[in-house]
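Asker: Coordinates in query23.txt, compact mmCIF, C-alpha atoms and all ligand atoms, are listed below.
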```
# COMPACT_ATOMS: atom_id res chain seq x y z
CA MET A 118 44.95 27.22 -36.03
CA LYS A 119 44.26 30.97 -35.87
CA LYS A 120 43.62 31.75 -32.20
CA SER A 121 43.67 35.54 -32.07
CA LEU A 122 44.25 38.68 -34.10
CA LYS A 123 45.57 42.11 -33.23
CA ILE A 124 43.84 45.40 -34.00
CA GLY A 125 46.45 47.97 -33.05
CA ASP A 126 47.42 46.89 -29.53
CA LEU A 127 44.10 45.16 -28.89
CA VAL A 128 44.24 41.38 -28.88
CA VAL A 129 41.00 39.91 -30.23
CA SER A 130 40.70 36.35 -29.01
CA PRO A 131 39.17 34.31 -30.47
CA PRO A 132 39.47 36.08 -33.84
CA VAL A 133 35.70 36.07 -34.19
CA LEU A 134 33.77 39.33 -34.23
CA SER A 135 30.09 40.02 -33.92
CA ALA A 136 28.89 42.28 -36.76
CA PRO A 137 27.34 45.69 -36.26
CA MET A 138 23.65 45.46 -37.12
CA ALA A 139 21.43 48.53 -36.96
CA GLY A 140 18.28 47.86 -34.97
CA TYR A 141 19.74 44.69 -33.44
CA THR A 142 23.15 45.00 -31.81
CA ASN A 143 21.87 47.24 -29.06
CA TYR A 144 22.99 47.15 -25.44
CA ALA A 145 20.68 44.24 -24.53
CA TYR A 146 21.88 42.00 -27.37
CA ARG A 147 25.50 42.82 -26.61
CA GLU A 148 24.96 41.87 -22.97
CA LEU A 149 23.36 38.60 -24.05
CA LEU A 150 26.37 37.79 -26.25
CA ARG A 151 28.73 38.56 -23.40
CA ARG A 152 26.88 36.21 -21.08
CA LEU A 153 27.02 33.42 -23.66
CA GLY A 154 30.71 34.03 -24.39
CA GLY A 155 32.96 33.29 -27.33
CA VAL A 156 32.95 36.67 -29.12
CA GLY A 157 36.38 38.25 -29.51
CA LEU A 158 35.02 41.72 -30.26
CA ILE A 159 31.45 42.98 -30.04
CA ALA A 160 30.24 45.94 -32.11
CA THR A 161 27.52 48.51 -31.55
CA GLU A 162 24.97 49.51 -34.18
CA MET A 163 26.25 52.19 -36.54
CA VAL A 164 26.04 55.65 -35.02
CA SER A 165 25.44 58.76 -37.12
CA ALA A 166 28.30 61.20 -36.55
CA ARG A 167 26.14 64.07 -37.78
CA ALA A 168 23.38 63.22 -35.31
CA PHE A 169 25.94 63.10 -32.50
CA VAL A 170 27.41 66.49 -33.38
CA CYS A 171 24.03 68.19 -33.98
CA MET A 172 22.49 66.80 -30.81
CA GLY A 173 25.52 67.94 -28.83
CA ALA A 174 25.29 71.44 -30.30
CA ARG A 175 21.62 71.62 -29.32
CA GLY A 176 22.31 70.28 -25.82
CA GLU A 177 20.19 67.21 -26.48
CA GLY A 178 22.56 64.57 -25.14
CA GLU A 179 23.73 61.66 -27.28
CA PRO A 180 22.19 59.44 -29.93
CA GLU A 181 20.30 56.55 -28.35
CA ARG A 182 22.62 54.06 -29.99
CA LEU A 183 25.40 55.15 -27.66
CA TRP A 184 23.35 54.13 -24.63
CA GLY A 185 25.40 51.97 -22.29
CA VAL A 186 28.60 52.29 -24.29
CA GLN A 187 30.41 54.32 -21.65
CA ASP A 188 30.04 51.73 -18.91
CA GLU A 189 29.71 48.34 -20.52
CA PRO A 190 32.52 45.78 -20.47
CA ARG A 191 35.30 45.95 -23.00
CA PRO A 192 36.43 45.20 -25.63
CA LEU A 193 33.79 47.09 -27.60
CA ALA A 194 33.91 48.50 -31.13
CA VAL A 195 31.73 51.51 -31.87
CA GLN A 196 30.80 51.90 -35.51
CA ILE A 197 30.23 55.36 -36.98
CA TRP A 198 29.12 56.70 -40.35
CA ASP A 199 29.15 59.96 -42.27
CA ASN A 200 31.07 61.52 -45.17
CA CYS A 201 32.31 64.68 -43.50
CA PRO A 202 35.86 64.53 -42.10
CA GLU A 203 35.28 67.15 -39.39
CA THR A 204 32.10 65.51 -38.15
CA LEU A 205 33.64 62.04 -38.05
CA GLU A 206 36.76 63.39 -36.41
CA GLU A 207 34.75 65.04 -33.65
CA LEU A 208 32.83 61.89 -32.80
CA ALA A 209 35.91 59.66 -33.10
CA GLY A 210 37.82 61.86 -30.65
CA LYS A 211 34.96 61.73 -28.15
CA LEU A 212 34.58 57.98 -28.51
CA ALA A 213 38.26 57.45 -27.80
CA ASN A 214 38.73 59.98 -25.03
CA ASP A 215 35.38 60.20 -23.24
CA PHE A 216 33.70 56.90 -24.04
CA LYS A 217 36.93 54.87 -23.98
CA ALA A 218 35.84 52.73 -26.93
CA SER A 219 38.26 49.89 -27.72
CA VAL A 220 37.94 50.39 -31.48
CA VAL A 221 36.31 53.02 -33.71
CA ASP A 222 35.00 51.41 -36.88
CA LEU A 223 34.05 53.37 -39.99
CA ASN A 224 31.14 52.21 -42.12
CA PHE A 225 31.80 52.06 -45.86
CA GLY A 226 29.44 49.20 -46.55
CA CYS A 227 25.89 50.24 -45.82
CA PRO A 228 23.80 50.14 -49.03
CA ALA A 229 20.54 51.40 -47.46
CA PRO A 230 19.18 54.34 -49.50
CA ALA A 231 18.94 56.61 -46.45
CA ILE A 232 22.69 56.26 -45.95
CA ALA A 233 24.14 55.53 -49.39
CA LYS A 234 21.86 57.63 -51.62
CA ARG A 235 20.45 60.40 -49.49
CA SER A 236 23.51 60.91 -47.28
CA ALA A 237 26.26 59.96 -49.76
CA SER A 238 27.82 57.82 -47.02
CA GLY A 239 28.34 54.11 -46.27
CA SER A 240 28.83 52.12 -49.48
CA TYR A 241 28.45 55.28 -51.60
CA LEU A 242 32.00 56.18 -50.59
CA LEU A 243 33.46 52.99 -52.13
CA ARG A 244 33.47 54.79 -55.50
CA ASP A 245 36.23 57.02 -54.16
CA PRO A 246 39.10 55.19 -52.44
CA GLU A 247 40.94 58.48 -51.97
CA LYS A 248 38.05 59.92 -49.99
CA VAL A 249 37.89 56.70 -47.95
CA GLY A 250 41.58 57.19 -47.19
CA GLU A 251 41.02 60.79 -46.13
CA LEU A 252 38.22 59.85 -43.75
CA VAL A 253 40.18 56.96 -42.24
CA SER A 254 43.21 59.19 -41.80
CA ARG A 255 41.24 61.91 -40.00
CA VAL A 256 39.48 59.40 -37.75
CA ALA A 257 42.68 57.45 -37.02
CA LYS A 258 44.46 60.65 -35.94
CA ALA A 259 41.49 61.83 -33.87
CA CYS A 260 41.13 58.60 -31.93
CA ALA A 261 44.78 57.52 -31.58
CA PRO A 262 45.96 55.45 -29.77
CA VAL A 263 42.55 53.80 -30.00
CA PRO A 264 42.60 51.92 -33.32
CA ALA A 265 40.41 53.01 -36.23
CA THR A 266 39.13 50.27 -38.52
CA ALA A 267 36.97 50.12 -41.65
CA LYS A 268 34.19 47.84 -42.85
CA ILE A 269 33.60 47.67 -46.59
CA ARG A 270 31.87 45.66 -49.30
CA LEU A 271 33.60 44.29 -52.41
CA GLY A 272 32.63 47.38 -54.41
CA LEU A 273 29.56 49.11 -55.74
CA THR A 274 28.65 46.57 -58.44
CA VAL A 275 30.10 43.33 -59.82
CA ASP A 276 31.63 45.37 -62.64
CA THR A 277 33.30 47.82 -60.33
CA VAL A 278 34.73 45.60 -57.62
CA ASN A 279 37.53 47.67 -56.07
CA ALA A 280 38.01 46.27 -52.58
CA PHE A 281 41.72 45.87 -53.36
CA ASP A 282 42.17 49.62 -53.93
CA VAL A 283 39.98 50.58 -51.01
CA ALA A 284 41.94 48.19 -48.77
CA GLN A 285 45.21 49.85 -49.73
CA ALA A 286 43.69 53.26 -49.08
CA VAL A 287 42.52 52.15 -45.62
CA GLU A 288 45.88 50.74 -44.60
CA GLY A 289 47.80 53.64 -46.14
CA ALA A 290 45.70 56.07 -44.11
CA GLY A 291 46.44 54.38 -40.80
CA GLY A 292 43.50 51.98 -40.52
CA ALA A 293 44.24 49.17 -38.06
CA ALA A 294 42.04 46.42 -39.56
CA LEU A 295 39.72 45.89 -42.50
CA THR A 296 36.50 43.90 -42.60
CA VAL A 297 35.17 42.87 -45.99
CA HIS A 298 31.58 41.75 -46.51
CA GLY A 299 31.78 39.61 -49.65
CA ARG A 300 28.93 41.26 -51.55
CA THR A 301 28.69 44.38 -53.64
CA ALA A 302 26.50 47.28 -52.56
CA ALA A 303 24.16 46.65 -55.50
CA GLN A 304 23.57 43.13 -54.23
CA MET A 305 22.20 44.43 -50.95
CA TYR A 306 21.66 41.04 -49.23
CA ARG A 307 20.86 39.03 -52.36
CA GLY A 308 23.00 36.23 -53.77
CA SER A 309 25.80 34.96 -51.61
CA ALA A 310 28.98 36.35 -50.14
CA ASP A 311 31.98 35.67 -52.37
CA TRP A 312 34.79 34.48 -50.14
CA ASP A 313 37.21 34.07 -53.07
CA GLU A 314 36.88 37.80 -53.69
CA ILE A 315 37.39 38.47 -49.97
CA ALA A 316 40.56 36.33 -50.15
CA LYS A 317 41.97 38.47 -52.98
CA VAL A 318 42.00 41.49 -50.68
CA LYS A 319 44.64 39.86 -48.47
CA SER A 320 47.42 40.63 -50.94
CA ALA A 321 46.47 44.34 -50.85
CA LEU A 322 47.34 44.54 -47.17
CA ARG A 323 50.88 44.75 -45.84
CA SER A 324 50.36 44.14 -42.16
CA ILE A 325 46.88 44.93 -40.88
CA PRO A 326 44.43 42.07 -40.34
CA LEU A 327 41.73 41.14 -42.84
CA ILE A 328 38.40 40.07 -41.40
CA GLY A 329 36.07 38.12 -43.68
CA ASN A 330 32.31 38.49 -43.42
CA GLY A 331 29.20 37.12 -45.02
CA ASP A 332 26.83 34.18 -44.84
CA VAL A 333 28.63 32.13 -42.18
CA LYS A 334 25.81 30.00 -40.86
CA SER A 335 27.27 27.42 -38.49
CA ALA A 336 30.16 27.12 -36.06
CA GLN A 337 31.92 24.53 -38.21
CA GLU A 338 31.52 26.73 -41.28
CA ALA A 339 33.06 29.61 -39.34
CA VAL A 340 36.09 27.53 -38.44
CA ASP A 341 36.38 26.23 -42.01
CA ARG A 342 36.30 29.78 -43.40
CA LEU A 343 38.90 30.90 -40.88
CA ASN A 344 41.20 28.00 -41.74
CA GLY A 345 40.45 27.73 -45.44
CA PHE A 346 40.81 31.38 -46.48
CA PRO A 347 43.64 33.89 -46.03
CA VAL A 348 41.71 35.90 -43.45
CA ASP A 349 42.89 36.76 -39.96
CA GLY A 350 39.44 36.77 -38.46
CA ILE A 351 35.79 36.34 -39.27
CA MET A 352 32.76 38.47 -38.50
CA ILE A 353 29.29 37.02 -38.02
CA GLY A 354 26.01 38.91 -38.14
CA ARG A 355 22.71 37.21 -38.83
CA ALA A 356 23.70 33.73 -37.63
CA GLY A 357 24.32 35.33 -34.24
CA LEU A 358 20.70 36.45 -34.17
CA ASP A 359 19.40 32.99 -35.11
CA ARG A 360 21.77 31.21 -32.72
CA PRO A 361 23.46 33.59 -30.28
CA TRP A 362 25.40 30.64 -28.82
CA ILE A 363 27.21 30.12 -32.16
CA PHE A 364 30.16 32.19 -30.89
CA ARG A 365 30.65 29.92 -27.89
CA GLU A 366 30.60 26.88 -30.17
CA ILE A 367 33.21 28.43 -32.47
CA ALA A 368 35.43 29.27 -29.51
CA GLN A 369 35.18 25.69 -28.29
CA ILE A 370 36.15 24.25 -31.67
CA LEU A 371 39.04 26.71 -31.99
CA ALA A 372 40.24 25.70 -28.53
CA GLY A 373 40.27 22.06 -29.64
CA GLU A 374 37.33 21.18 -27.41
CA GLU A 375 34.29 19.17 -28.34
CA PRO A 376 31.57 21.79 -28.94
CA GLU A 377 28.55 21.52 -26.68
CA VAL A 378 25.50 20.05 -28.27
CA GLU A 379 22.98 22.55 -29.61
CA PRO A 380 20.78 23.83 -26.77
CA THR A 381 17.45 22.03 -26.56
CA LEU A 382 14.34 23.92 -27.63
CA LEU A 383 13.51 24.37 -23.95
CA GLU A 384 16.94 25.91 -23.34
CA GLN A 385 16.51 28.10 -26.42
CA ARG A 386 13.21 29.30 -25.05
CA GLU A 387 14.90 30.15 -21.74
CA LEU A 388 17.45 32.17 -23.66
CA LEU A 389 14.73 33.98 -25.59
CA LEU A 390 13.14 34.90 -22.26
CA THR A 391 16.47 36.10 -20.87
CA HIS A 392 16.88 38.21 -24.00
CA TYR A 393 13.38 39.60 -23.45
CA LYS A 394 14.25 40.53 -19.86
CA LEU A 395 17.40 42.36 -20.98
CA VAL A 396 15.51 44.22 -23.69
CA VAL A 397 12.75 45.28 -21.28
CA GLU A 398 15.32 46.42 -18.70
CA ARG A 399 16.81 48.63 -21.36
CA PHE A 400 13.81 49.82 -23.38
CA GLY A 401 10.87 49.40 -21.02
CA GLN A 402 8.03 46.96 -21.40
CA GLU A 403 5.96 48.57 -24.12
CA ARG A 404 8.84 49.15 -26.52
CA GLY A 405 10.57 45.97 -25.40
CA VAL A 406 7.69 43.72 -26.48
CA ILE A 407 7.57 45.30 -29.93
CA LEU A 408 11.35 45.09 -30.31
CA MET A 409 11.45 41.46 -29.20
CA ARG A 410 9.05 40.41 -31.94
CA LYS A 411 11.82 40.62 -34.54
CA PHE A 412 14.40 38.93 -32.30
CA ALA A 413 11.96 36.10 -31.53
CA VAL A 414 11.47 35.57 -35.26
CA HIS A 415 15.21 34.86 -35.54
CA TYR A 416 15.19 32.34 -32.68
CA SER A 417 12.43 30.40 -34.46
CA LYS A 418 14.21 30.13 -37.83
CA GLY A 419 14.55 26.55 -39.01
CA ARG A 420 12.86 25.20 -35.88
CA PRO A 421 9.82 22.91 -35.93
CA GLY A 422 6.59 24.92 -35.91
CA GLY A 423 8.58 28.05 -36.71
CA ARG A 424 6.13 29.43 -39.21
CA ASN A 425 3.19 29.25 -36.83
CA PHE A 426 5.29 30.83 -34.08
CA ARG A 427 6.39 33.67 -36.34
CA ASP A 428 2.84 34.30 -37.43
CA LYS A 429 1.70 34.69 -33.87
CA ILE A 430 4.69 36.49 -32.35
CA GLY A 431 4.51 39.11 -35.10
CA ARG A 432 1.16 40.21 -33.75
CA VAL A 433 1.78 40.44 -29.99
CA SER A 434 1.68 43.85 -28.39
CA THR A 435 1.66 43.18 -24.65
CA GLU A 436 3.91 41.23 -22.30
CA GLU A 437 1.09 38.84 -21.56
CA GLU A 438 0.61 38.04 -25.25
CA PHE A 439 4.37 37.68 -25.72
CA PHE A 440 4.69 35.18 -22.84
CA ASP A 441 1.60 33.35 -24.02
CA VAL A 442 2.97 32.73 -27.53
CA VAL A 443 6.49 31.93 -26.30
CA THR A 444 5.11 29.48 -23.72
CA ASN A 445 2.68 27.73 -26.03
CA ASP A 446 4.16 27.91 -29.51
CA PHE A 447 7.96 27.97 -29.32
CA VAL A 448 8.63 24.39 -28.23
CA VAL A 449 6.92 22.08 -30.68
CA GLU A 450 7.60 18.40 -31.30
CA GLU A 451 9.25 17.68 -34.67
CA ASN A 452 6.36 15.51 -35.89
CA GLN A 453 3.53 17.87 -34.96
C1 LIG B 1 19.48 44.07 -40.01
C2 LIG B 1 20.91 44.36 -40.40
C3 LIG B 1 21.50 45.53 -39.97
C4 LIG B 1 22.82 45.82 -40.35
N1 LIG B 1 23.41 46.95 -39.89
C5 LIG B 1 24.71 47.19 -40.15
C6 LIG B 1 25.40 48.30 -39.56
O1 LIG B 1 24.84 49.06 -38.76
N2 LIG B 1 26.71 48.48 -39.92
C7 LIG B 1 27.36 47.63 -40.78
O2 LIG B 1 28.54 47.83 -41.07
N3 LIG B 1 26.75 46.57 -41.31
C8 LIG B 1 25.45 46.33 -41.00
N4 LIG B 1 24.86 45.20 -41.49
C9 LIG B 1 25.65 44.23 -42.27
C10 LIG B 1 26.27 43.18 -41.35
O3 LIG B 1 27.19 43.77 -40.46
C11 LIG B 1 26.99 42.10 -42.16
O4 LIG B 1 28.01 42.70 -42.92
C12 LIG B 1 26.06 41.35 -43.11
O5 LIG B 1 24.84 41.02 -42.47
C13 LIG B 1 26.71 40.06 -43.65
O6 LIG B 1 27.08 39.23 -42.58
P1 LIG B 1 26.17 37.95 -42.12
O7 LIG B 1 25.87 37.14 -43.36
O8 LIG B 1 27.02 37.22 -41.14
O9 LIG B 1 24.93 38.51 -41.54
C14 LIG B 1 23.54 44.91 -41.15
C15 LIG B 1 22.93 43.73 -41.56
C16 LIG B 1 21.64 43.44 -41.20
C17 LIG B 1 21.02 42.13 -41.64
```
In structure tokens, write the structure found in this file.
Answerer:
Amino acid sequence: MKKSLKIGDLVVSPPVLSAPMAGYTNYAYRELLRRLGGVGLIATEMVSARAFVCMGARGEGEPERLWGVQDEPRPLAVQIWDNCPETLEELAGKLANDFKASVVDLNFGCPAPAIAKRSASGSYLLRDPEKVGELVSRVAKACAPVPATAKIRLGLTVDTVNAFDVAQAVEGAGGAALTVHGRTAAQMYRGSADWDEIAKVKSALRSIPLIGNGDVKSAQEAVDRLNGFPVDGIMIGRAGLDRPWIFREIAQILAGEEPEVEPTLLEQRELLLTHYKLVVERFGQERGVILMRKFAVHYSKGRPGGRNFRDKIGRVSTEEEFFDVVTNDFVVEENQ
């Protein structure tokens, strides 16, 4: 049974990571995950290195996505993106020395047009393993001894899968771990993650850990992927939004314990309200209500009455309306 993995000197135990997700893995969500337990390493949303450097030069402080990072509990991975070595290097150095991040992760997987097309960053860089290597090398040197890691997709398209080459470039440049999302950039989020392709990357790596990612939906599936594939760890994104307690369940199974039964709908509603409180503490009430609409949608996925709940929660704009819908429409009997 795989019980932990090492990223540089950092022991990640259990070897289960929560994925960076822009717009979601903010300070409030990270705090919620910490309270629930079971995550070996939590990641921030991706932070634009260019925004950080430009804002600093203009004396405007830091990008909002770095809020809380300096003081929150460790371990914490901060993910960054750009295509310019100097810019990435500057942010990586600051993250290691001033912010005391546990890990600096480089994004080579994002397929969103704003990043990949207009900024020639994220998954765009997969076409050029050498460039990936250069960026990893600069970041690794700038943040040493804090480990630098990379998160990639299988390649740009199914015809140009090159995760093997990119993996070698990452390790050769001093990367301390590699996460592979088992889709190509062209797939965006369509189709399904190909774990056999993820597995092939293992033989490209000499000693750094391989973390598999994509479409893990339940705790048992997470454990099966971890045991059934040559990966050293797994990373979970969307299932952690639908069921934030999934990490605790995985940790229990890995520890040989009987996993707790799924929280009741009433308990899930309590958790949704706790999440709301954390979001409002961080973002204020007005913004918090709007932000929580999308989180609440995740909590309702696959639950009885979910469609009606989603319909209503999508339209709330005040705290009163939010509480009203959560109180009246979240907990619904199966046969209603
Ligand atoms: C809303 C959303 C935002 C995401 N933002 C990021 C990001 O900031 N950085 C990143 O590397 N991946 C990002 N991803 C990709 C996830 O980290 C992950 O690779 C992907 O969702 C597959 O894992 P999953 O099936 O467990 O969700 C994002 C995914 C989603 C759905």
Asker: Give me the residues near region 174-190 of chain A as an NGL selection string, where near means some atom within 10 Å (using only C-alpha atoms) and where sequence neighbours in that chain fewer than 2 positions away do not count.
Answerer: :A and (139-140 or 142-145 or 147-148 or 151 or 161-172 or 192-195 or 212 or 215-218 or 399)
Asker: Give me the residues of chain A that have any atom at most 10 Å from an atom of ligand LIG 1 (chain B); for each, the nearest atom pair and the distance in Å, rounded to one decimal. Use only C-alpha atoms and all ligand atoms, sort by chain and number, and format it as a Markdown table.
Answerer:
```
| residue | atom | partner | partner_atom | distance |
| --- | --- | --- | --- | --- |
| A:Leu134 | CA | B:LIG1 | O8 | 9.9 |
| A:Ser135 | CA | B:LIG1 | O3 | 8.1 |
| A:Ala136 | CA | B:LIG1 | O3 | 4.3 |
| A:Pro137 | CA | B:LIG1 | O3 | 4.6 |
| A:Met138 | CA | B:LIG1 | N1 | 3.2 |
| A:Ala139 | CA | B:LIG1 | N1 | 3.9 |
| A:Gly140 | CA | B:LIG1 | C3 | 6.4 |
| A:Tyr141 | CA | B:LIG1 | C1 | 6.6 |
| A:Thr142 | CA | B:LIG1 | O1 | 8.2 |
| A:Ala160 | CA | B:LIG1 | N2 | 8.9 |
| A:Thr161 | CA | B:LIG1 | O1 | 7.7 |
| A:Glu162 | CA | B:LIG1 | O1 | 4.6 |
| A:Met163 | CA | B:LIG1 | O1 | 4.1 |
| A:Val164 | CA | B:LIG1 | O1 | 7.7 |
| A:Ser165 | CA | B:LIG1 | O1 | 9.9 |
| A:Val195 | CA | B:LIG1 | N2 | 10.0 |
| A:Gln196 | CA | B:LIG1 | N2 | 6.9 |
| A:Ile197 | CA | B:LIG1 | N2 | 8.3 |
| A:Trp198 | CA | B:LIG1 | N2 | 8.6 |
| A:Asp222 | CA | B:LIG1 | O2 | 8.5 |
| A:Leu223 | CA | B:LIG1 | O2 | 7.9 |
| A:Asn224 | CA | B:LIG1 | O2 | 5.2 |
| A:Phe225 | CA | B:LIG1 | O2 | 7.2 |
| A:Gly226 | CA | B:LIG1 | O2 | 5.7 |
| A:Cys227 | CA | B:LIG1 | C7 | 5.9 |
| A:Pro228 | CA | B:LIG1 | N3 | 9.0 |
| A:Ala229 | CA | B:LIG1 | N1 | 9.2 |
| A:Gly239 | CA | B:LIG1 | O2 | 8.2 |
| A:Ser240 | CA | B:LIG1 | O2 | 9.4 |
| A:Ala267 | CA | B:LIG1 | O2 | 8.8 |
| A:Lys268 | CA | B:LIG1 | O2 | 5.9 |
| A:Ile269 | CA | B:LIG1 | O2 | 7.5 |
| A:Arg270 | CA | B:LIG1 | O4 | 8.0 |
| A:Thr296 | CA | B:LIG1 | O4 | 8.6 |
| A:Val297 | CA | B:LIG1 | O4 | 7.8 |
| A:His298 | CA | B:LIG1 | O4 | 5.2 |
| A:Gly299 | CA | B:LIG1 | C13 | 7.9 |
| A:Arg300 | CA | B:LIG1 | C13 | 8.3 |
| A:Met305 | CA | B:LIG1 | C12 | 9.3 |
| A:Tyr306 | CA | B:LIG1 | O5 | 7.5 |
| A:Ser309 | CA | B:LIG1 | O7 | 8.5 |
| A:Ala310 | CA | B:LIG1 | O7 | 7.5 |
| A:Gly329 | CA | B:LIG1 | O6 | 9.1 |
| A:Asn330 | CA | B:LIG1 | O6 | 5.3 |
| A:Gly331 | CA | B:LIG1 | O7 | 3.7 |
| A:Asp332 | CA | B:LIG1 | O7 | 3.4 |
| A:Val333 | CA | B:LIG1 | O8 | 5.4 |
| A:Lys334 | CA | B:LIG1 | O8 | 7.3 |
| A:Ala339 | CA | B:LIG1 | O8 | 9.9 |
| A:Ile351 | CA | B:LIG1 | O8 | 9.0 |
| A:Met352 | CA | B:LIG1 | O8 | 6.4 |
| A:Ile353 | CA | B:LIG1 | O8 | 3.9 |
| A:Gly354 | CA | B:LIG1 | O8 | 3.6 |
| A:Arg355 | CA | B:LIG1 | O9 | 3.7 |
| A:Ala356 | CA | B:LIG1 | O8 | 6.0 |
| A:Gly357 | CA | B:LIG1 | O8 | 7.6 |
| A:Leu358 | CA | B:LIG1 | O9 | 8.7 |
```
Asker: Since we have the selection now, will you write its residues out, keeping C-alpha atoms, as a PDB file, in the frame of the given file?
Answerer:
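out_14.pdb was written with the following content:
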```
ATOM      1  CA  LEU A 134      33.770  39.330 -34.230  1.00  0.00           C
ATOM      2  CA  SER A 135      30.090  40.020 -33.920  1.00  0.00           C
ATOM      3  CA  ALA A 136      28.890  42.280 -36.760  1.00  0.00           C
ATOM      4  CA  PRO A 137      27.340  45.690 -36.260  1.00  0.00           C
ATOM      5  CA  MET A 138      23.650  45.460 -37.120  1.00  0.00           C
ATOM      6  CA  ALA A 139      21.430  48.530 -36.960  1.00  0.00           C
ATOM      7  CA  GLY A 140      18.280  47.860 -34.970  1.00  0.00           C
ATOM      8  CA  TYR A 141      19.740  44.690 -33.440  1.00  0.00           C
ATOM      9  CA  THR A 142      23.150  45.000 -31.810  1.00  0.00           C
ATOM     10  CA  ALA A 160      30.240  45.940 -32.110  1.00  0.00           C
ATOM     11  CA  THR A 161      27.520  48.510 -31.550  1.00  0.00           C
ATOM     12  CA  GLU A 162      24.970  49.510 -34.180  1.00  0.00           C
ATOM     13  CA  MET A 163      26.250  52.190 -36.540  1.00  0.00           C
ATOM     14  CA  VAL A 164      26.040  55.650 -35.020  1.00  0.00           C
ATOM     15  CA  SER A 165      25.440  58.760 -37.120  1.00  0.00           C
ATOM     16  CA  VAL A 195      31.730  51.510 -31.870  1.00  0.00           C
ATOM     17  CA  GLN A 196      30.800  51.900 -35.510  1.00  0.00           C
ATOM     18  CA  ILE A 197      30.230  55.360 -36.980  1.00  0.00           C
ATOM     19  CA  TRP A 198      29.120  56.700 -40.350  1.00  0.00           C
ATOM     20  CA  ASP A 222      35.000  51.410 -36.880  1.00  0.00           C
ATOM     21  CA  LEU A 223      34.050  53.370 -39.990  1.00  0.00           C
ATOM     22  CA  ASN A 224      31.140  52.210 -42.120  1.00  0.00           C
ATOM     23  CA  PHE A 225      31.800  52.060 -45.860  1.00  0.00           C
ATOM     24  CA  GLY A 226      29.440  49.200 -46.550  1.00  0.00           C
ATOM     25  CA  CYS A 227      25.890  50.240 -45.820  1.00  0.00           C
ATOM     26  CA  PRO A 228      23.800  50.140 -49.030  1.00  0.00           C
ATOM     27  CA  ALA A 229      20.540  51.400 -47.460  1.00  0.00           C
ATOM     28  CA  GLY A 239      28.340  54.110 -46.270  1.00  0.00           C
ATOM     29  CA  SER A 240      28.830  52.120 -49.480  1.00  0.00           C
ATOM     30  CA  ALA A 267      36.970  50.120 -41.650  1.00  0.00           C
ATOM     31  CA  LYS A 268      34.190  47.840 -42.850  1.00  0.00           C
ATOM     32  CA  ILE A 269      33.600  47.670 -46.590  1.00  0.00           C
ATOM     33  CA  ARG A 270      31.870  45.660 -49.300  1.00  0.00           C
ATOM     34  CA  THR A 296      36.500  43.900 -42.600  1.00  0.00           C
ATOM     35  CA  VAL A 297      35.170  42.870 -45.990  1.00  0.00           C
ATOM     36  CA  HIS A 298      31.580  41.750 -46.510  1.00  0.00           C
ATOM     37  CA  GLY A 299      31.780  39.610 -49.650  1.00  0.00           C
ATOM     38  CA  ARG A 300      28.930  41.260 -51.550  1.00  0.00           C
ATOM     39  CA  MET A 305      22.200  44.430 -50.950  1.00  0.00           C
ATOM     40  CA  TYR A 306      21.660  41.040 -49.230  1.00  0.00           C
ATOM     41  CA  SER A 309      25.800  34.960 -51.610  1.00  0.00           C
ATOM     42  CA  ALA A 310      28.980  36.350 -50.140  1.00  0.00           C
ATOM     43  CA  GLY A 329      36.070  38.120 -43.680  1.00  0.00           C
ATOM     44  CA  ASN A 330      32.310  38.490 -43.420  1.00  0.00           C
ATOM     45  CA  GLY A 331      29.200  37.120 -45.020  1.00  0.00           C
ATOM     46  CA  ASP A 332      26.830  34.180 -44.840  1.00  0.00           C
ATOM     47  CA  VAL A 333      28.630  32.130 -42.180  1.00  0.00           C
ATOM     48  CA  LYS A 334      25.810  30.000 -40.860  1.00  0.00           C
ATOM     49  CA  ALA A 339      33.060  29.610 -39.340  1.00  0.00           C
ATOM     50  CA  ILE A 351      35.790  36.340 -39.270  1.00  0.00           C
ATOM     51  CA  MET A 352      32.760  38.470 -38.500  1.00  0.00           C
ATOM     52  CA  ILE A 353      29.290  37.020 -38.020  1.00  0.00           C
ATOM     53  CA  GLY A 354      26.010  38.910 -38.140  1.00  0.00           C
ATOM     54  CA  ARG A 355      22.710  37.210 -38.830  1.00  0.00           C
ATOM     55  CA  ALA A 356      23.700  33.730 -37.630  1.00  0.00           C
ATOM     56  CA  GLY A 357      24.320  35.330 -34.240  1.00  0.00           C
ATOM     57  CA  LEU A 358      20.700  36.450 -34.170  1.00  0.00           C
TER      58      LEU A 358
END
```
Asker: Considering all atoms listed in the file, return as a VMD selection string whatever protein or nucleic-acid residues lie within 9 Å of Thr435 (chain A), sequence-local ones (same chain, fewer than 3 positions apart) excluded.
Answerer: chain A and resid 402 to 403 406 to 407 438 to 440
Asker: Between CA of Asn425 (chain A) and CA of Arg360 (chain A), what is the spacing in Å?
Answerer: 19.1 Å
Asker: Suppose you want the space between CA of Gln304 (chain A) and CA of Thr274 (chain A); what is it in Å?
Answerer: 7.4 Å
Asker: In Å to one decimal, how far is CA of Arg255 (chain A) from CA of Leu205 (chain A)?
Answerer: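 Computed distance, CA of Leu205 (chain A) to CA of Arg255 (chain A), equals 7.8 Å.
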Asker: Contacts of Arg432 (chain A) at 12 Å or less, counting all atoms listed in the file, minus same-chain residues fewer than 2 places along, as a PyMOL selection string?
Answerer: chain A and resi 406-411+413-414+425-430+434-436+438-439+441-442
Asker: Which neighbours of region 118-132 of chain A fall inside 9 Å, counting all atoms listed in the file, when residues of the same chain fewer than 5 positions from it are skipped, and could you give them as JSON, numbers by chain?
Answerer: {"A": [155, 156, 157, 158, 192, 219, 220, 262, 263, 264, 265, 266, 292, 293, 294, 325, 326, 328, 343, 344, 349, 350, 351, 352, 367, 368, 371, 372]}
